[in-house]
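J.: Shown below is the structure under consideration.
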Amino acid sequence: MELLAVILLFYASQYLLAMGEEVFEGAELAVLPCHYSGVIPEVNPSVIWSRHDLKPQTVHLRRKEDDFCGQNQRFSGRTSMKFDALASADFSLSLRNPRLYDSGNYICSISDGIAEITVTEVKLQVKASPESLTMTMKVLKGEESVLLPCQYGKELEEVVTVKWSRSDLNPNIVHKLGNYPSEQNQLYEGRTSMSPYALTSSDFSLTLKEPQLSDSGIYICSIIDDKEEIFLSDVQLHVRASEEFLTVTVEVYKGEESVVLPCQYSKVIEDLVTVKWGRSGLNPDTVHQRRERDDLRGQNQLFEGRTSMRPDALVSGNFSLTLKEPQLSDSGIYICSIIDEEEETRLLDIQLHVKEIFPTWAVVLLVLLVLLAVSGGLLFHFRHDLISVYKVEVDSGVESVLLPFKTTVRLSEYNTTVTWRNNRNRVVHSNCYKDYQQHKQFKGRTEMNINYKSRDFSLTLKNPTDRDSGTYSCTVYDYWSGKILAEKQVLLKVKVYKVEVNSGVKSVLLPFKTTVSLTEDNTTVTWRNNDGRMVASNRYKDDQQHRQYKNRTEMKKNYGSGDFSLTLKNPTVRDSGTYSCTVYDDKSGKIRPNKQVLLKVKVYKVEVDSGVESVLLPFKTPVSLTEEVTVTWRNNSGRVVDGYDWWYKNLQQHKQYEGRTEMKINVKSRDFSLTLKNPTVRDSGTYTCTVSYRQTGEILAMKQVLLKVKVYKVEVDSGVESVLLPFKATVLLSKDNTTVTWTDNPGRVVRKHNRRLGFLSEVQHQRYKNRTEMKTKFTPGNFSLTLKNPRHRDSGIYTCIVSRWGTILAMKQVLLKVKADSLIMAIDFGSAYSGYAFNLKPREKGSETQFKRWGKELGLDSPKTPTCILFDEHKQFLEFGYEAKTAYSNMTEEEAEKHYFFEDFKWFILNIYDWWWTITAANNKEMTRLEVFTEVLRFLKDDALKTIKHHPAGGEISASDFTWVLTVPDSLKDLTKRILTEAAVLAGLVGEDTKDKLVFALESAAALAWCLKPPPDGFITQNHSRTSQDQPPEPAAAGTSCNDPAGGPEPGATKVLLETQNQDQVAVHFKKEPGGTKVLLETQNQDQVAEPGETRVLLETQNQDQVHCKMGTKILLETRNPDRKRYLVVDCGDQIYRITVHEVLEGGALKMLDKDFRRYLGEKKIKEFLREIFSHGVWREYEENFPSEVLKIMFEFIHLQHLDEDVQISCPDTLRERAQREKDIETFFASVEGASWEDGVIKISRDKLRSFFDDSLQRITERLRDVLNKNSNIGFIVLVGGLAESQMLRQFITDQFGHQYKVLCPLRPQEAVLKGAVELGRNPELVQFD
């Protein structure tokens, strides 16, 4: 717990900056927190940090990247934001080397270029540390004046403004050279002056007349021109009360019982004075105050209950303060002073140091290792609880409540806007809103007495209810500039009166009395429940009262005493909730007093194990009864469990309970308890017994009992030989007519045995044939079942019934859970392309990951298909992938208008807060994101099961046999994961009870996990061709990384030995070994010696240090710098590339350190190129008439873009014929550089092909440099994704970074994410996420 406290203190300090906490000048960093929970604009999003008191106002601007063009120069080179600020919604600003003049109010806002929303305002106060001050001045109170020096060493070339300020004041202006009386703080009115020759002499010293104790502080001298404010110097001024003034230092260890801060006064006190202990830097600054007695009304809450002074302090002159349980946060300067009617006299300063016995650095180090990831989220979630807010607490039913707010800021009546809002940002009251702007919840219930002279903007809220509880914010701002002038928060808590009774009582009273004078003629009193249903009223017709309360309520109608209490008869758990009584004035329509009562009806609970002979549901009523009553027990579905009517005797019983109930019918003892025989889990629930008159139906008594039947649980691993489902019962058995039947959850017979006839195999369900055994003699009452070779699909509840001639003698249920060694199915839902991969072998047997191949109808062979989906006009699914794109392209304009076609929609699916948000189709029609993504998953699931059915290892396999792995971006939020899980349940991947079989894998981590194995088919060498990637890898090939020369390693360079005779895939763990930096990758096979046929990779350097990897297979990896442990992963998709940095921690965990993503422009440029060749007219007509052929051209281009050589694209006959109508086709190519026509194909030169990607390659390298500069200790750059197959990309990255980093690219890099996802599903321990 001590560790947690330190971490929370560390994070809390950042959020406290927003409340005016201080940071010392000279500190390395100040963090201004800003977290945004809204929706990030899709177009031109930007985050702006600003200060309205500066010119220019911009502190930091983040668009796609940082934009420093309009930044105020005083912040140049000192501000930064997280690289993924817009993606993570963490807009916090880091301010390096904070200076005194950085103090002020910083505003964080978000904009889309049209509108700007303020997210938060942070008040930063930079406090001077003694070593950072330019000068310290000391002066006695009462001196005529003091001079605060400030010299400017340069010659002024233009007119400037000289400003003296104090950052701890509001307004902070002490003096400005010129006539600025309205801006000066009133404390200095008429007491400051500067030399009339200040601007010519550059001597900006300030004379302060008649210095007071309150003048002590830090004064900042600066000059302002048209562009910026330039800091010159700061002066610490100490105004002392007398020469006897002393400073004392007191030290104490944290955990001590108390500490005494000494303060003696030697003079005789003749008049009544106040002794005040204060602490500089706090607000309020009062630690303790004593007049005739302790006066703690203005005490800072930090010291509540922890301070005391001697009872005879004012008599003895001993003003010493005792501070109990000193904390680290109590360190600071404490001021002892006395206050009479005229002034405050400062007696003594005491510097208190509270030290830790255990070194702080050690605590912080341990904290960071254990709880760093958790504490930030906790603090953000509970940030409002950390902020000190004024609290108001009232009871429900009061006429009104006052939310106080007074400000010291001078305000103008003509341009000041005052607005109160609640914590949902709804307008509660404002001095300049129209009626429709006030939220309906507060209509007619608010009053604000605006007084600009007294600056009182308190709000009166009438008839408060618990719905009104929450934080209310009052903001005072300038109407024209929008600048916030004052702000306050008030926490309102409306307490609700609570009534708690047991189910079965005759009635309960909900009290309500009002002191308001009422008359019967014009008063309406109404009780409602929390659903708004009418419970009772003094003016309603019978049909207005909700049927739930018919004949069960009585309301007092005492208008004189104001008593309108409600009696509710026979309360049940269904009646629990909040009840509101509202009094209306019929003439004026005004709401009179409004009271709420919280009713809780407690239910008697009974809990038993499945298999017991019976259970008793008790009910005795204190109500006197006659024999002409009806008694009915019902379950929570309203079914009759048992019942009795004096006239009709037994009531009609539901078949579920036939032969299983006995009810005591004793009207004299009033006992109507129910016995339920052989209870099962199906019987769990709430049972209600109602006693009523037979003739009138009036309810005389009612009680509820909650029954919980616990099921015995058995859990085994898949693959065990058998499992025992136990059942023993003390039942007297007949030799010839006792039957024992085991059934599963759907009611199928697992095994049935009759004592006379033996095993009844003909009724046994086929799935259990030859898989069950029971002891046949059933003695001593042992009916246990053995189930052989249990599988995951055998999981569920099994019921055993022992019966004789249809009468149940004993019953028990057993819950079996078979933990499956699941088959693995991984789905990669990509921005441009999606696909799936699977593994059908148990983990220990190993197997190669299988892929569905797509695009054969288009002459392609790809592991992915386009991420696009087509629905009909009724939103019914039609096609996905290549088929969807082709079908939509071939539609007429009228047909396309009716359908729904979505593509490139991954971002919209994953960046959501509500499934019911819509997503726009190509024709601007809309469907909900839940509908679209559910159908994407459903199609991929169904297609995968269909593919597996035709696989040699497939057969009859269902979705429940798989663990489903979904690859997700590294920035995915937990909320989105929950929403994706909902879609997976609807699509049938998993069920509500099997959500644990849905796994999320970060895309970059999955790819890296595959590469760290390393992949059994090795890495691409730089001399591989595009076609060679689909061939078996060559053994023992030197140079398996992109930056190894094609001809083999140079002396001293890294060498690689690959042997791939054994390609088993197994889990990988990391651990250090002594003797240099070594990494050992181990599996369950603990043999440390390489066996024949193992895969072995040996990377050697000049110093021959080795990194060992063992996988059942052994791999030795070594780099040029063996100390590097970080990997930079570049996932090069066909539309977006993502950059992440991972660190391999001790034990094998992968910790993500950095992330970024950007979009390509390649496909767009090939279209522009073709349009340039064939002219806009020809190409536009071709696109409109033959869209499917255009698609084929694009697919062919995507297939060829991986090459770094001259390529050729087939020209369809329809395009050639259309072009030749204009002119000879060769002439189209005459003026186009890099393109030529030859025998029906379009030839594109290598240089032209490269030009399509110049911008993208340049951007990738720029982003890589940025990330590499921010992250040290990186040893590898790993390239994965479809475009990583491009020779030009690999060569470009190698040329730029290969001299410093090892560049690796696995063979078939487009498959790396899916292969890694399958591995994570098979071996969850392969990668641990920090």
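To be explicit about the labels: the chains of the structure tokens are called A, B, and onward in the order shown, and within each one the residues are counted from 1, while ligands get numbers from 1 in the order they are shown.
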Name all residues at most 10 Å from Asp942 of chain A (count only C-alpha atoms; drop same-chain ones fewer than 3 positions away) and give them as a list in words.
T.: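 Result of the neighbour search: Leu937, Arg938, Phe939, Leu945, Lys946, Thr947, Ile948, Ser958, Ala959, Ala987, Gly988 and Leu989 of chain A.
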J.: How many Å separate atom CA of Glu1311 of chain A from atom CA of Gly1298 of chain A?
T.: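 So the two atoms, atom CA of Glu1311 of chain A and atom CA of Gly1298 of chain A, lie 23.6 Å apart.
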J.: Which residues, written as a PyMOL selection string, have at least one atom at most 6 Å from segment 631-640 of chain A, with only C-alpha atoms counted and residues fewer than 4 positions away on the same chain left out?
T.: chain A and resi 644+653-654+686-691
J.: Tell me which protein, DNA and RNA residues are within 12 Å of Glu931 of chain A, counting only C-alpha atoms, leaving out same-chain ones fewer than 2 positions away, and put them as number ranges by chain.
T.: A: 869, 871, 875-877, 900, 902, 909, 915-919, 926-929, 933-938, 980, 982-984, 986-987
J.: Any idea what the distance is between atom CA of Val597 of chain A and atom CA of Leu461 of chain A?
T.: 19.5 Å
J.: I'd like to know which residues of segment 139-210 of chain A are helix (DSSP H, G or I) (by DSSP, run on the backbone); could you write them as a list in words?
T.: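 Everything in segment 139-210 of chain A that counts as helix (DSSP H, G or I) is Pro181, Ser182, Glu183, Gln186, Leu187, Tyr188, Ala198, Leu199, Thr200 and Ser201 of chain A.
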J.: Any chance you could export the current selection's N, CA and C atoms as a short mmCIF file (atom, residue, chain, number, x, y, z; two decimals), in the first residue's frame?
T.:
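Final file, selection01.cif:
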data_model
loop_
_atom_site.label_atom_id
_atom_site.label_comp_id
_atom_site.auth_asym_id
_atom_site.auth_seq_id
_atom_site.Cartn_x
_atom_site.Cartn_y
_atom_site.Cartn_z
N PRO A 181 -3.73 52.10 -14.86
CA PRO A 181 -4.25 51.95 -13.50
C PRO A 181 -5.24 50.81 -13.37
N SER A 182 -6.02 50.52 -14.42
CA SER A 182 -7.06 49.49 -14.30
C SER A 182 -6.48 48.09 -14.20
N GLU A 183 -5.22 47.89 -14.68
CA GLU A 183 -4.62 46.57 -14.67
C GLU A 183 -3.84 46.30 -13.39
N GLN A 186 -4.75 46.15 -6.70
CA GLN A 186 -5.06 47.23 -5.77
C GLN A 186 -4.13 47.28 -4.57
N LEU A 187 -3.45 46.18 -4.26
CA LEU A 187 -2.52 46.18 -3.12
C LEU A 187 -1.42 47.22 -3.30
N TYR A 188 -1.13 47.59 -4.56
CA TYR A 188 0.01 48.48 -4.83
C TYR A 188 -0.43 49.87 -5.28
N ALA A 198 13.56 55.86 -17.45
CA ALA A 198 13.78 54.40 -17.47
C ALA A 198 14.07 53.88 -18.88
N LEU A 199 13.28 54.30 -19.86
CA LEU A 199 13.43 53.75 -21.21
C LEU A 199 14.71 54.22 -21.88
N THR A 200 15.18 55.41 -21.55
CA THR A 200 16.43 55.91 -22.16
C THR A 200 17.65 55.36 -21.46
N SER A 201 17.53 55.16 -20.14
CA SER A 201 18.70 54.67 -19.37
C SER A 201 18.73 53.15 -19.27
#
J.: Which value, in Å to one decimal, gives the distance between atom CA of Arg1250 of chain A and atom CA of Asp1206 of chain A?
T.: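 We find that atom CA of Arg1250 of chain A and atom CA of Asp1206 of chain A lie 9.9 Å from each other.
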J.: Excluding segment 108-112 of chain A and any residue of its chain fewer than 5 positions from it, enumerate the residues within 7 Å of it, using only C-alpha atoms, and give them as a list in words.
T.: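 Answer for this query is Cys34, Pro41, Val43, Asn44, Pro45, Ser46, Val47, Ile48, Trp49, Ser50, Ile117, Thr118, Val119, Thr120 and Glu121 of chain A.
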J.: Could you dump the residues just selected with N, CA and C atoms as a compact mmCIF listing (two decimals), in the first residue's frame?
T.:
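Done, and the output landed in selection_23.txt:
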# COMPACT_ATOMS: atom_id res chain seq x y z
N CYS A 34 -4.20 17.12 -19.73
CA CYS A 34 -5.41 17.40 -20.50
C CYS A 34 -5.85 16.09 -21.16
N PRO A 41 -12.30 15.01 -34.07
CA PRO A 41 -12.78 15.37 -35.42
C PRO A 41 -12.08 14.55 -36.49
N VAL A 43 -11.87 15.44 -39.64
CA VAL A 43 -11.25 16.34 -40.61
C VAL A 43 -10.49 17.43 -39.86
N ASN A 44 -9.21 17.63 -40.24
CA ASN A 44 -8.36 18.69 -39.73
C ASN A 44 -8.36 18.81 -38.20
N PRO A 45 -8.17 17.70 -37.47
CA PRO A 45 -8.15 17.84 -36.01
C PRO A 45 -6.87 18.55 -35.56
N SER A 46 -6.99 19.40 -34.56
CA SER A 46 -5.82 20.08 -34.00
C SER A 46 -6.04 20.33 -32.52
N VAL A 47 -4.96 20.26 -31.75
CA VAL A 47 -4.99 20.56 -30.32
C VAL A 47 -4.21 21.84 -30.09
N ILE A 48 -4.82 22.80 -29.38
CA ILE A 48 -4.18 24.11 -29.15
C ILE A 48 -4.01 24.32 -27.66
N TRP A 49 -2.78 24.60 -27.24
CA TRP A 49 -2.50 25.09 -25.89
C TRP A 49 -2.24 26.59 -26.01
N SER A 50 -2.90 27.38 -25.18
CA SER A 50 -2.77 28.84 -25.30
C SER A 50 -2.81 29.50 -23.93
N ILE A 117 -13.30 23.79 -29.10
CA ILE A 117 -13.88 23.39 -27.82
C ILE A 117 -12.80 23.42 -26.76
N THR A 118 -13.05 24.11 -25.64
CA THR A 118 -12.11 24.11 -24.52
C THR A 118 -12.26 22.81 -23.75
N VAL A 119 -11.17 22.07 -23.59
CA VAL A 119 -11.18 20.79 -22.88
C VAL A 119 -10.92 21.00 -21.40
N THR A 120 -9.91 21.79 -21.07
CA THR A 120 -9.60 22.05 -19.66
C THR A 120 -8.75 23.31 -19.55
N GLU A 121 -8.67 23.84 -18.34
CA GLU A 121 -7.80 24.98 -18.06
C GLU A 121 -6.90 24.60 -16.90
J.: Between A:Asn425, A:Asn449, A:Gln766, A:Gln438, which one has atoms that come closest to Lys406 of chain A, using only C-alpha atoms?
T.: A:Asn449
J.: For a quick check of understanding, using only C-alpha atoms, which of A:Tyr882, A:Phe1276, A:Phe303, A:Tyr477 has the smallest distance to His1299 of chain A?
T.: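 That would be A:Phe1276, the residue with the smallest distance to His1299 of chain A.
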J.: Tell me, as a list of chain:residue names, which residues lie within 10 Å of Ser222 of chain A, counting only C-alpha atoms; anything in the same chain fewer than 6 positions away does not count.
T.: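 These residues fall inside the cut-off: A:Tyr101, A:Cys150, A:Tyr152, A:Thr161, A:Val162, A:Lys163, A:Trp164, A:Ser165, A:Lys176, A:Phe204, A:Glu229, A:Ile230, A:Phe231, A:Leu232, A:Ser233, A:Asp234.
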J.: Write out as an NGL selection string the set of residues from segment 1271-1327 of chain A that DSSP, computed on the backbone, places in strand (DSSP E or B).
T.: :A and (1274-1280 or 1302-1304 or 1306)
J.: Emit the selected residues as a PDB file, in the first residue's frame, including C-alpha atoms.
T.:
ATOM      1  CA  ILE A1274      17.071  -0.096 -30.605  1.00  0.00           C
ATOM      2  CA  GLY A1275      18.887  -2.952 -32.324  1.00  0.00           C
ATOM      3  CA  PHE A1276      16.484  -4.189 -35.014  1.00  0.00           C
ATOM      4  CA  ILE A1277      14.127  -2.708 -37.578  1.00  0.00           C
ATOM      5  CA  VAL A1278      11.566  -5.397 -38.501  1.00  0.00           C
ATOM      6  CA  LEU A1279       9.571  -4.946 -41.724  1.00  0.00           C
ATOM      7  CA  VAL A1280       6.228  -6.768 -42.046  1.00  0.00           C
ATOM      8  CA  LYS A1302      19.785  -4.617 -38.299  1.00  0.00           C
ATOM      9  CA  VAL A1303      16.943  -4.616 -40.873  1.00  0.00           C
ATOM     10  CA  LEU A1304      14.931  -7.868 -40.880  1.00  0.00           C
ATOM     11  CA  PRO A1306      10.461 -12.417 -42.734  1.00  0.00           C
TER      12      PRO A1306
END
J.: Taking into account only C-alpha atoms, which residue in the set A:Ile1139, A:Leu566, A:Cys69, A:Leu86 is nearest to Thr1261 of chain A?
T.: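 Of A:Ile1139, A:Leu566, A:Cys69, A:Leu86, the one nearest Thr1261 of chain A is A:Ile1139, counting only C-alpha atoms.
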J.: If you take only C-alpha atoms and a cut-off of 12 Å, which residues of segment 104-176 of chain A touch segment 208-215 of chain A, and what are their nearest atom pairs and distances in Å to one decimal, in chain and number order, as JSON lines?
T.:
{"residue": "A:Met137", "atom": "CA", "partner": "A:Asp215", "partner_atom": "CA", "distance": 11.7}
{"residue": "A:Lys138", "atom": "CA", "partner": "A:Pro211", "partner_atom": "CA", "distance": 10.5}
{"residue": "A:Val139", "atom": "CA", "partner": "A:Pro211", "partner_atom": "CA", "distance": 7.8}
{"residue": "A:Leu140", "atom": "CA", "partner": "A:Pro211", "partner_atom": "CA", "distance": 7.8}
{"residue": "A:Lys141", "atom": "CA", "partner": "A:Gln212", "partner_atom": "CA", "distance": 5.5}
{"residue": "A:Gly142", "atom": "CA", "partner": "A:Glu210", "partner_atom": "CA", "distance": 5.9}
{"residue": "A:Glu143", "atom": "CA", "partner": "A:Glu210", "partner_atom": "CA", "distance": 5.9}
{"residue": "A:Glu144", "atom": "CA", "partner": "A:Glu210", "partner_atom": "CA", "distance": 5.1}
{"residue": "A:Ser145", "atom": "CA", "partner": "A:Lys209", "partner_atom": "CA", "distance": 4.1}
{"residue": "A:Val146", "atom": "CA", "partner": "A:Leu208", "partner_atom": "CA", "distance": 5.3}
{"residue": "A:Leu147", "atom": "CA", "partner": "A:Leu208", "partner_atom": "CA", "distance": 6.3}
{"residue": "A:Leu148", "atom": "CA", "partner": "A:Leu208", "partner_atom": "CA", "distance": 7.6}
{"residue": "A:Pro149", "atom": "CA", "partner": "A:Leu208", "partner_atom": "CA", "distance": 11.0}
{"residue": "A:Trp164", "atom": "CA", "partner": "A:Leu208", "partner_atom": "CA", "distance": 11.2}
{"residue": "A:Ser165", "atom": "CA", "partner": "A:Asp215", "partner_atom": "CA", "distance": 11.9}
{"residue": "A:Arg166", "atom": "CA", "partner": "A:Asp215", "partner_atom": "CA", "distance": 9.8}
{"residue": "A:Asp168", "atom": "CA", "partner": "A:Asp215", "partner_atom": "CA", "distance": 11.1}
{"residue": "A:Leu169", "atom": "CA", "partner": "A:Asp215", "partner_atom": "CA", "distance": 10.7}
{"residue": "A:Val174", "atom": "CA", "partner": "A:Leu208", "partner_atom": "CA", "distance": 9.6}
{"residue": "A:His175", "atom": "CA", "partner": "A:Leu208", "partner_atom": "CA", "distance": 9.8}
J.: Could you pull the residues within 10 Å of Ile665 of chain A, counting only C-alpha atoms, minus those fewer than 6 positions along the same chain, as JSON, numbers by chain?
T.: {"A": [627, 631, 643, 644, 645, 646, 671, 672, 673, 674]}
